[in-house]
Amino acid sequence: MMLIDSIAAMLPMIAALPLAATDDPGFIASLLTNIFLWGRVALGIGLVIFVHELGHFVAAKSFGVKCEKFYVGFDVPIKIGPIKFPRTLGKFTYGETEYGIGIIPLGGYVKMLGQDDDPRNLEEENKRISVDSDTADEPVLDPRSFPAKPVWQRMIIISAGVVVNVITGVLFAAIAFGYGVTYSPAVVGGVTPGGPAWQAGIEPGGKVIAVGELKDDQMHFREMKMEILTQGFETPDQPIDVAIQYDDGVRNFKLQPKALPENKDYRMIGVAIPHSVTLNQDTYARPQSVAADVLSDADAGATITAFNGNPIVSDSIVPGTNFFDYLYTHPNEAVELTLKRSDDSEATVSLPPQTAKSAGIRFAIGPIVAMVDGGPAEQAGLKLGDVITAIGDNDQIDAYSLPAMLVGNSDPVALKIRRGDGDDAESTTITITPNRSLQTLSPTANLSNDIGINSLGLAYKPLSTVARITAPAKSDAEDGGLKVGDRLQKIRLVMSDSETPDWLHDELFGPVLKSLREGQEFSPSTPLNAFVDTIQYLPVGTKLEIQATRPPENRVVTATVEIQADEFNLFDRGLQFPPREAVQKATSPGNALALGYREGKRRLKDVLRFLEMLPRGQIGLKQVGGPLAIVGIAKSEAEKGISPQLMFLTMLSMNLAILNFLPIPALDGGHMMFLLYELVAGKRANEQLEFRLTIAGLLSLLALMVVVFANDLFRFLN
């Protein structure tokens, strides 16, 4: 029996479908779409398993080995109390072989005469292939049995499944590139405040052509991200080499990846994916935004060709760089957009400033956490840990009004600074002269937990501490509600379903709405920036229950606040853009095979690097995905189209090729180890030793399956 890797291969169980009848044509269409989608998922994963077993089967037949069974899935008996399940979903016999689909979708096998991975059947198999002979001292083996074949033939049979997986993996990718693979280019759309790329002064608008060991003039953003993550696991304390091509040449950087606050195991350099200047087709504007007020359905999918009369250069590396920079540095000015609509007509719209919303709370400014190397703030003498307390004589500032006052300003700015803590704290004034630094992300972008002002080259952390209150909070407590110095801990949305606008229940905001209703605590995964951004989606008058602690005794206080219009404007005006995409398509069959070979080689390398890191403790078992994770990814990729699904099958094929050839008894690699011993020693390994090692291998696989299933369930529940 040839076991395909039982952890990496899993046929999806088709979701239970409603049994109630309906005449709704939308329901019928949705039902058929889901059946077709799950069918594609099952077919894709089943195909990977099938070709693996086909490799064993064809090789065995070529050497005259009798194959008794060929199965995708395992046909084991399952009985729960009095209920006995069928062993197969279907089977038939053709010639001397039984072909079927087993009820357990965890792999597949080819049952050859004289060979069985179940150690309990070893003695029976030996009897079956023994041929009585009066002249031989030892039993004669059936010439069509697997053990009767020379070692080199058995090696070919054992390795054939893995070889076929590698070949078909390359072919899957080649076909995908033949169709055309849609991807997000690895270009710098923006740099997240305080991140390694931001500190290094990397400017938006460049194309990443090398990162670590990966070099590619058409690098995919996903490939860049994976290389950074992997190197972060391997050598977390070492900088990574990054080469970025700009219109004026290539610039080289050494960046120290930074651990994500919400997951210390993941490290990134803080490069944000670029956005297109073509509006989304469906959700081209955020509801209750100025963009929704001035745009119409006719503008869906329209491309911005100019802003304030400045043309957008479509053939530049990142066409929208100057537009987004203007948008995020001029929040108080109207922007005139020239649009080319889907019907090729042109239109001009004026996008006014977007009034922000707040909960009536001003948040305290935290310490300086990062500065651009050699930037204005560093040159002026600012230090990490300093706290900005005033702009000139204006001390009525807070974490989110500060960028509204400073971004886009070109004049020198005098910042009053508190340096040090407690009795050792001192106050000083530092004058910083801004430079011309592109700001293509909002200074308060919730991609980061920090707020960054690029022209000054500084980033600070906003605190959930109340700095000022602009609207009284309601409270039944004697303290009368929130006070300056209170630290917000938890927020709960006080709004019923009937009061909630329909658009807030969409796929994007629905989970956030549910989390807010249940009560959301401030944490690395839900930082203050995300909360302030979420407020902008809620209608004015929406009530929030705030739970805070009051120093010095940290007494818990609760108050209710209402969303209100703020005195400041947002940087974001509600325009909705998709990530920028490109298509990499093979120019010829030879080019398709070359790209497929490169893709297969990269995926093999990914698996090998992962397996090297696992025993060293550089990566944990919690990073391992099991059948549920694989099915989830397979469904997600199948929804995107044939090319993404084929690229996923390439990844899956290479995973199976490597994992199934690990030297673990019961897997193909374990069989190969026994055969190598037989080849060198000239005799088969001791049967009892094989038995014990096989049992140990099976137990190890079962233990690993328990771990990956637990990981899958944990991810699903969270």
# chains A, B, ... in the order shown; residues from 1 in each chain; ligands from 1
>>> residues_around(residues="Asn529 in chain A", least_positions_apart="5", cutoff="12 Å", atoms="only C-alpha atoms", output="PDB file with C-alpha atoms, in the first residue's frame")
ATOM      1  CA  PRO A 193       4.574  54.640  10.103  1.00  0.00           C
ATOM      2  CA  PHE A 363      -6.527  60.779  23.172  1.00  0.00           C
ATOM      3  CA  ALA A 399      -2.820  62.238  19.251  1.00  0.00           C
ATOM      4  CA  TYR A 400      -5.201  62.639  16.298  1.00  0.00           C
ATOM      5  CA  SER A 442      -2.897  58.139   5.989  1.00  0.00           C
ATOM      6  CA  PRO A 443      -0.721  59.168   8.978  1.00  0.00           C
ATOM      7  CA  THR A 444      -3.201  57.252  11.150  1.00  0.00           C
ATOM      8  CA  ALA A 445      -3.458  54.186   8.878  1.00  0.00           C
ATOM      9  CA  ASN A 446      -4.568  51.230  10.960  1.00  0.00           C
ATOM     10  CA  LEU A 447      -1.925  49.084   9.232  1.00  0.00           C
ATOM     11  CA  SER A 448       0.250  50.337  12.080  1.00  0.00           C
ATOM     12  CA  ASN A 449      -0.253  50.952  15.785  1.00  0.00           C
ATOM     13  CA  ASP A 450       1.631  54.225  15.417  1.00  0.00           C
ATOM     14  CA  ILE A 451       0.998  57.648  13.875  1.00  0.00           C
ATOM     15  CA  GLY A 452       3.618  58.917  11.463  1.00  0.00           C
ATOM     16  CA  TYR A 460       4.628  58.325  17.978  1.00  0.00           C
ATOM     17  CA  LYS A 461       2.221  55.997  19.709  1.00  0.00           C
ATOM     18  CA  PRO A 462      -1.324  57.188  20.448  1.00  0.00           C
ATOM     19  CA  LEU A 463      -2.476  56.263  23.943  1.00  0.00           C
ATOM     20  CA  SER A 464      -5.935  55.158  25.017  1.00  0.00           C
ATOM     21  CA  PHE A 522      -7.849  47.425  23.188  1.00  0.00           C
ATOM     22  CA  SER A 523      -5.021  45.054  22.263  1.00  0.00           C
ATOM     23  CA  PRO A 524      -2.240  44.689  19.684  1.00  0.00           C
ATOM     24  CA  THR A 534     -14.115  52.201  12.899  1.00  0.00           C
ATOM     25  CA  ILE A 535     -15.911  55.251  14.337  1.00  0.00           C
ATOM     26  CA  GLN A 536     -15.939  56.800  10.861  1.00  0.00           C
TER      27      GLN A 536
END
>>> select_by_dssp(residues="range 263-321 of chain A", states="helix (DSSP H, G or I)", output="list in words")
Val290, Ala291, Ala292, Asp293, Val294, Asp297, Ala298, Asp299 and Thr321 of chain A
>>> write_last_selection(atoms="C-alpha atoms", output="PDB file, in the first residue's frame")
ATOM      1  CA  VAL A 290     -18.112  62.720   0.696  1.00  0.00           C
ATOM      2  CA  ALA A 291     -17.107  60.321  -2.082  1.00  0.00           C
ATOM      3  CA  ALA A 292     -20.550  58.678  -1.836  1.00  0.00           C
ATOM      4  CA  ASP A 293     -22.139  62.151  -2.072  1.00  0.00           C
ATOM      5  CA  VAL A 294     -20.384  63.230  -5.275  1.00  0.00           C
ATOM      6  CA  ASP A 297     -23.179  54.471 -10.220  1.00  0.00           C
ATOM      7  CA  ALA A 298     -21.922  55.801 -13.543  1.00  0.00           C
ATOM      8  CA  ASP A 299     -18.526  56.292 -11.857  1.00  0.00           C
ATOM      9  CA  THR A 321       1.832  57.902  -5.996  1.00  0.00           C
TER      10      THR A 321
END
>>> residues_around(residues="range 560-566 of chain A", least_positions_apart="2", cutoff="10 Å", atoms="only C-alpha atoms", output="mmCIF file with N, CA and C atoms, in the first residue's frame")
data_model
loop_
_atom_site.group_PDB
_atom_site.id
_atom_site.type_symbol
_atom_site.label_atom_id
_atom_site.label_comp_id
_atom_site.auth_asym_id
_atom_site.auth_seq_id
_atom_site.Cartn_x
_atom_site.Cartn_y
_atom_site.Cartn_z
ATOM 1 N N THR A 355 -15.423 65.568 6.894
ATOM 2 C CA THR A 355 -15.455 65.819 8.336
ATOM 3 C C THR A 355 -15.290 64.506 9.094
ATOM 4 N N ALA A 356 -14.416 64.520 10.073
ATOM 5 C CA ALA A 356 -14.194 63.321 10.873
ATOM 6 C C ALA A 356 -15.306 63.163 11.908
ATOM 7 N N LYS A 357 -15.404 61.977 12.471
ATOM 8 C CA LYS A 357 -16.312 61.700 13.580
ATOM 9 C C LYS A 357 -15.476 61.306 14.793
ATOM 10 N N SER A 358 -16.016 61.569 15.949
ATOM 11 C CA SER A 358 -15.305 61.191 17.173
ATOM 12 C C SER A 358 -16.305 60.740 18.215
ATOM 13 N N ALA A 359 -15.782 60.184 19.294
ATOM 14 C CA ALA A 359 -16.625 59.772 20.417
ATOM 15 C C ALA A 359 -16.615 60.823 21.509
ATOM 16 N N GLY A 360 -16.188 62.058 21.158
ATOM 17 C CA GLY A 360 -16.120 63.120 22.146
ATOM 18 C C GLY A 360 -14.930 63.003 23.067
ATOM 19 N N ILE A 361 -13.951 62.174 22.663
ATOM 20 C CA ILE A 361 -12.778 61.924 23.501
ATOM 21 C C ILE A 361 -11.528 62.291 22.703
ATOM 22 N N THR A 470 -14.553 66.479 24.634
ATOM 23 C CA THR A 470 -15.240 67.528 23.877
ATOM 24 C C THR A 470 -16.748 67.417 23.987
ATOM 25 N N ALA A 471 -17.249 66.293 24.516
ATOM 26 C CA ALA A 471 -18.681 66.129 24.753
ATOM 27 C C ALA A 471 -18.844 65.308 26.014
ATOM 28 N N PRO A 472 -19.742 65.705 26.906
ATOM 29 C CA PRO A 472 -19.884 64.976 28.175
ATOM 30 C C PRO A 472 -20.359 63.554 27.963
ATOM 31 N N ALA A 473 -19.798 62.635 28.720
ATOM 32 C CA ALA A 473 -20.240 61.241 28.696
ATOM 33 C C ALA A 473 -21.319 61.037 29.743
ATOM 34 N N LYS A 474 -22.286 60.230 29.421
ATOM 35 C CA LYS A 474 -23.382 59.965 30.345
ATOM 36 C C LYS A 474 -23.022 58.780 31.238
ATOM 37 N N SER A 475 -23.354 58.913 32.523
ATOM 38 C CA SER A 475 -23.036 57.840 33.452
ATOM 39 C C SER A 475 -23.991 57.885 34.633
ATOM 40 N N ASP A 476 -24.338 56.728 35.142
ATOM 41 C CA ASP A 476 -25.167 56.635 36.337
ATOM 42 C C ASP A 476 -24.326 56.684 37.608
ATOM 43 N N GLY A 481 -19.048 60.178 34.825
ATOM 44 C CA GLY A 481 -18.568 59.775 33.506
ATOM 45 C C GLY A 481 -17.063 59.806 33.415
ATOM 46 N N LEU A 482 -16.554 59.920 32.189
ATOM 47 C CA LEU A 482 -15.118 59.884 31.967
ATOM 48 C C LEU A 482 -14.449 61.182 32.390
ATOM 49 N N ILE A 491 -14.682 48.707 24.731
ATOM 50 C CA ILE A 491 -15.746 49.468 24.078
ATOM 51 C C ILE A 491 -16.820 48.500 23.622
ATOM 52 N N ARG A 492 -18.065 48.875 23.845
ATOM 53 C CA ARG A 492 -19.175 48.036 23.390
ATOM 54 C C ARG A 492 -20.186 48.894 22.650
ATOM 55 N N LEU A 493 -20.599 48.401 21.487
ATOM 56 C CA LEU A 493 -21.580 49.114 20.675
ATOM 57 C C LEU A 493 -22.972 48.906 21.244
ATOM 58 N N VAL A 494 -23.686 50.027 21.480
ATOM 59 C CA VAL A 494 -25.062 49.960 21.984
ATOM 60 C C VAL A 494 -25.992 50.283 20.809
ATOM 61 N N ILE A 535 -14.928 54.217 14.011
ATOM 62 C CA ILE A 535 -15.911 55.251 14.337
ATOM 63 C C ILE A 535 -16.431 55.945 13.077
ATOM 64 N N GLN A 536 -15.550 56.073 12.073
ATOM 65 C CA GLN A 536 -15.939 56.800 10.861
ATOM 66 C C GLN A 536 -17.051 56.080 10.089
ATOM 67 N N LEU A 538 -19.621 54.538 11.623
ATOM 68 C CA LEU A 538 -20.852 54.516 12.423
ATOM 69 C C LEU A 538 -21.611 55.831 12.262
ATOM 70 N N PRO A 539 -22.933 55.773 12.224
ATOM 71 C CA PRO A 539 -23.736 57.008 12.081
ATOM 72 C C PRO A 539 -23.581 57.921 13.291
ATOM 73 N N VAL A 540 -23.700 59.231 13.046
ATOM 74 C CA VAL A 540 -23.705 60.204 14.148
ATOM 75 C C VAL A 540 -24.869 59.863 15.082
ATOM 76 N N GLY A 541 -24.609 59.910 16.367
ATOM 77 C CA GLY A 541 -25.629 59.571 17.348
ATOM 78 C C GLY A 541 -25.519 58.147 17.867
ATOM 79 N N THR A 542 -24.697 57.323 17.224
ATOM 80 C CA THR A 542 -24.498 55.943 17.690
ATOM 81 C C THR A 542 -23.906 55.958 19.107
ATOM 82 N N LYS A 543 -24.437 55.118 19.963
ATOM 83 C CA LYS A 543 -23.984 55.081 21.350
ATOM 84 C C LYS A 543 -22.950 53.979 21.567
ATOM 85 N N LEU A 544 -21.940 54.317 22.337
ATOM 86 C CA LEU A 544 -20.891 53.370 22.708
ATOM 87 C C LEU A 544 -20.758 53.350 24.228
ATOM 88 N N GLU A 545 -20.661 52.170 24.762
ATOM 89 C CA GLU A 545 -20.403 52.030 26.196
ATOM 90 C C GLU A 545 -18.899 51.877 26.388
ATOM 91 N N ILE A 546 -18.322 52.776 27.174
ATOM 92 C CA ILE A 546 -16.883 52.802 27.409
ATOM 93 C C ILE A 546 -16.582 52.292 28.809
ATOM 94 N N GLN A 547 -15.652 51.351 28.888
ATOM 95 C CA GLN A 547 -15.161 50.895 30.187
ATOM 96 C C GLN A 547 -13.711 51.342 30.309
ATOM 97 N N THR A 558 -17.527 53.197 34.046
ATOM 98 C CA THR A 558 -18.256 52.928 32.814
ATOM 99 C C THR A 558 -19.081 54.154 32.440
ATOM 100 N N PHE A 568 -12.158 68.397 13.105
ATOM 101 C CA PHE A 568 -11.074 68.140 12.163
ATOM 102 C C PHE A 568 -11.587 67.324 10.978
ATOM 103 N N ASN A 569 -10.782 67.321 9.911
ATOM 104 C CA ASN A 569 -11.134 66.563 8.712
ATOM 105 C C ASN A 569 -10.332 65.278 8.634
ATOM 106 N N LEU A 570 -10.935 64.286 7.978
ATOM 107 C CA LEU A 570 -10.253 63.002 7.752
ATOM 108 C C LEU A 570 -9.275 63.117 6.599
#
>>> residues_around(residues="Gln115 in chain A", least_positions_apart="4", cutoff="12 Å", atoms="only C-alpha atoms", output="PyMOL selection string")
chain A and resi 1-3+60+65-69+109-111+119-129+144-149+154+157-158+666+671
>>> closest_residue(among="A:Glu518, A:Glu581, A:Asp424, A:Glu333", to="Ser350 in chain A", atoms="only C-alpha atoms")
A:Glu333
>>> residues_around(residues="range 176-180 of chain A", least_positions_apart="4", cutoff="10 Å", atoms="only C-alpha atoms", output="list of chain:residue names")
A:Val170, A:Leu171, A:Phe172, A:Ala582, A:Val583, A:Gln584, A:Lys585, A:Ala586, A:Thr587, A:Ser588, A:Pro589, A:Asn591, A:Ala592, A:Leu593, A:Ala594, A:Leu595, A:Gly596, A:Glu599, A:Ile642, A:Ser643, A:Pro644, A:Gln645, A:Leu646, A:Met647, A:Thr650
>>> closest_residue(among="A:Val318, A:Leu528, A:Ala467, A:Val166", to="Tyr246 in chain A", atoms="only C-alpha atoms")
A:Val318
>>> atom_distance(atom1="CA of Tyr328 in chain A", atom2="CA of Arg468 in chain A")
25.3 Å
>>> residues_around(residues="Phe253 in chain A", least_positions_apart="2", cutoff="9 Å", atoms="only C-alpha atoms", output="PyMOL selection string")
chain A and resi 197+200+202+240-244+251+255
>>> residues_around(residues="range 227-237 of chain A", least_positions_apart="5", cutoff="9 Å", atoms="only C-alpha atoms", output="count of residues only")
20
>>> atom_distance(atom1="CA of Glu687 in chain A", atom2="CA of Phe674 in chain A")
10.5 Å
>>> select_by_dssp(residues="range 490-703 of chain A", states="strand (DSSP E or B)", output="PyMOL selection string")
chain A and resi 490-494+520-521+523+526+543-550+555-562+564-570+575+579+582-584
>>> atom_distance(atom1="CA of Phe571 in chain A", atom2="CA of Leu441 in chain A")
9.0 Å
>>> closest_residue(among="A:Gly189, A:Pro311, A:Pro434, A:Gly485", to="Gly408 in chain A", atoms="only C-alpha atoms")
A:Pro434
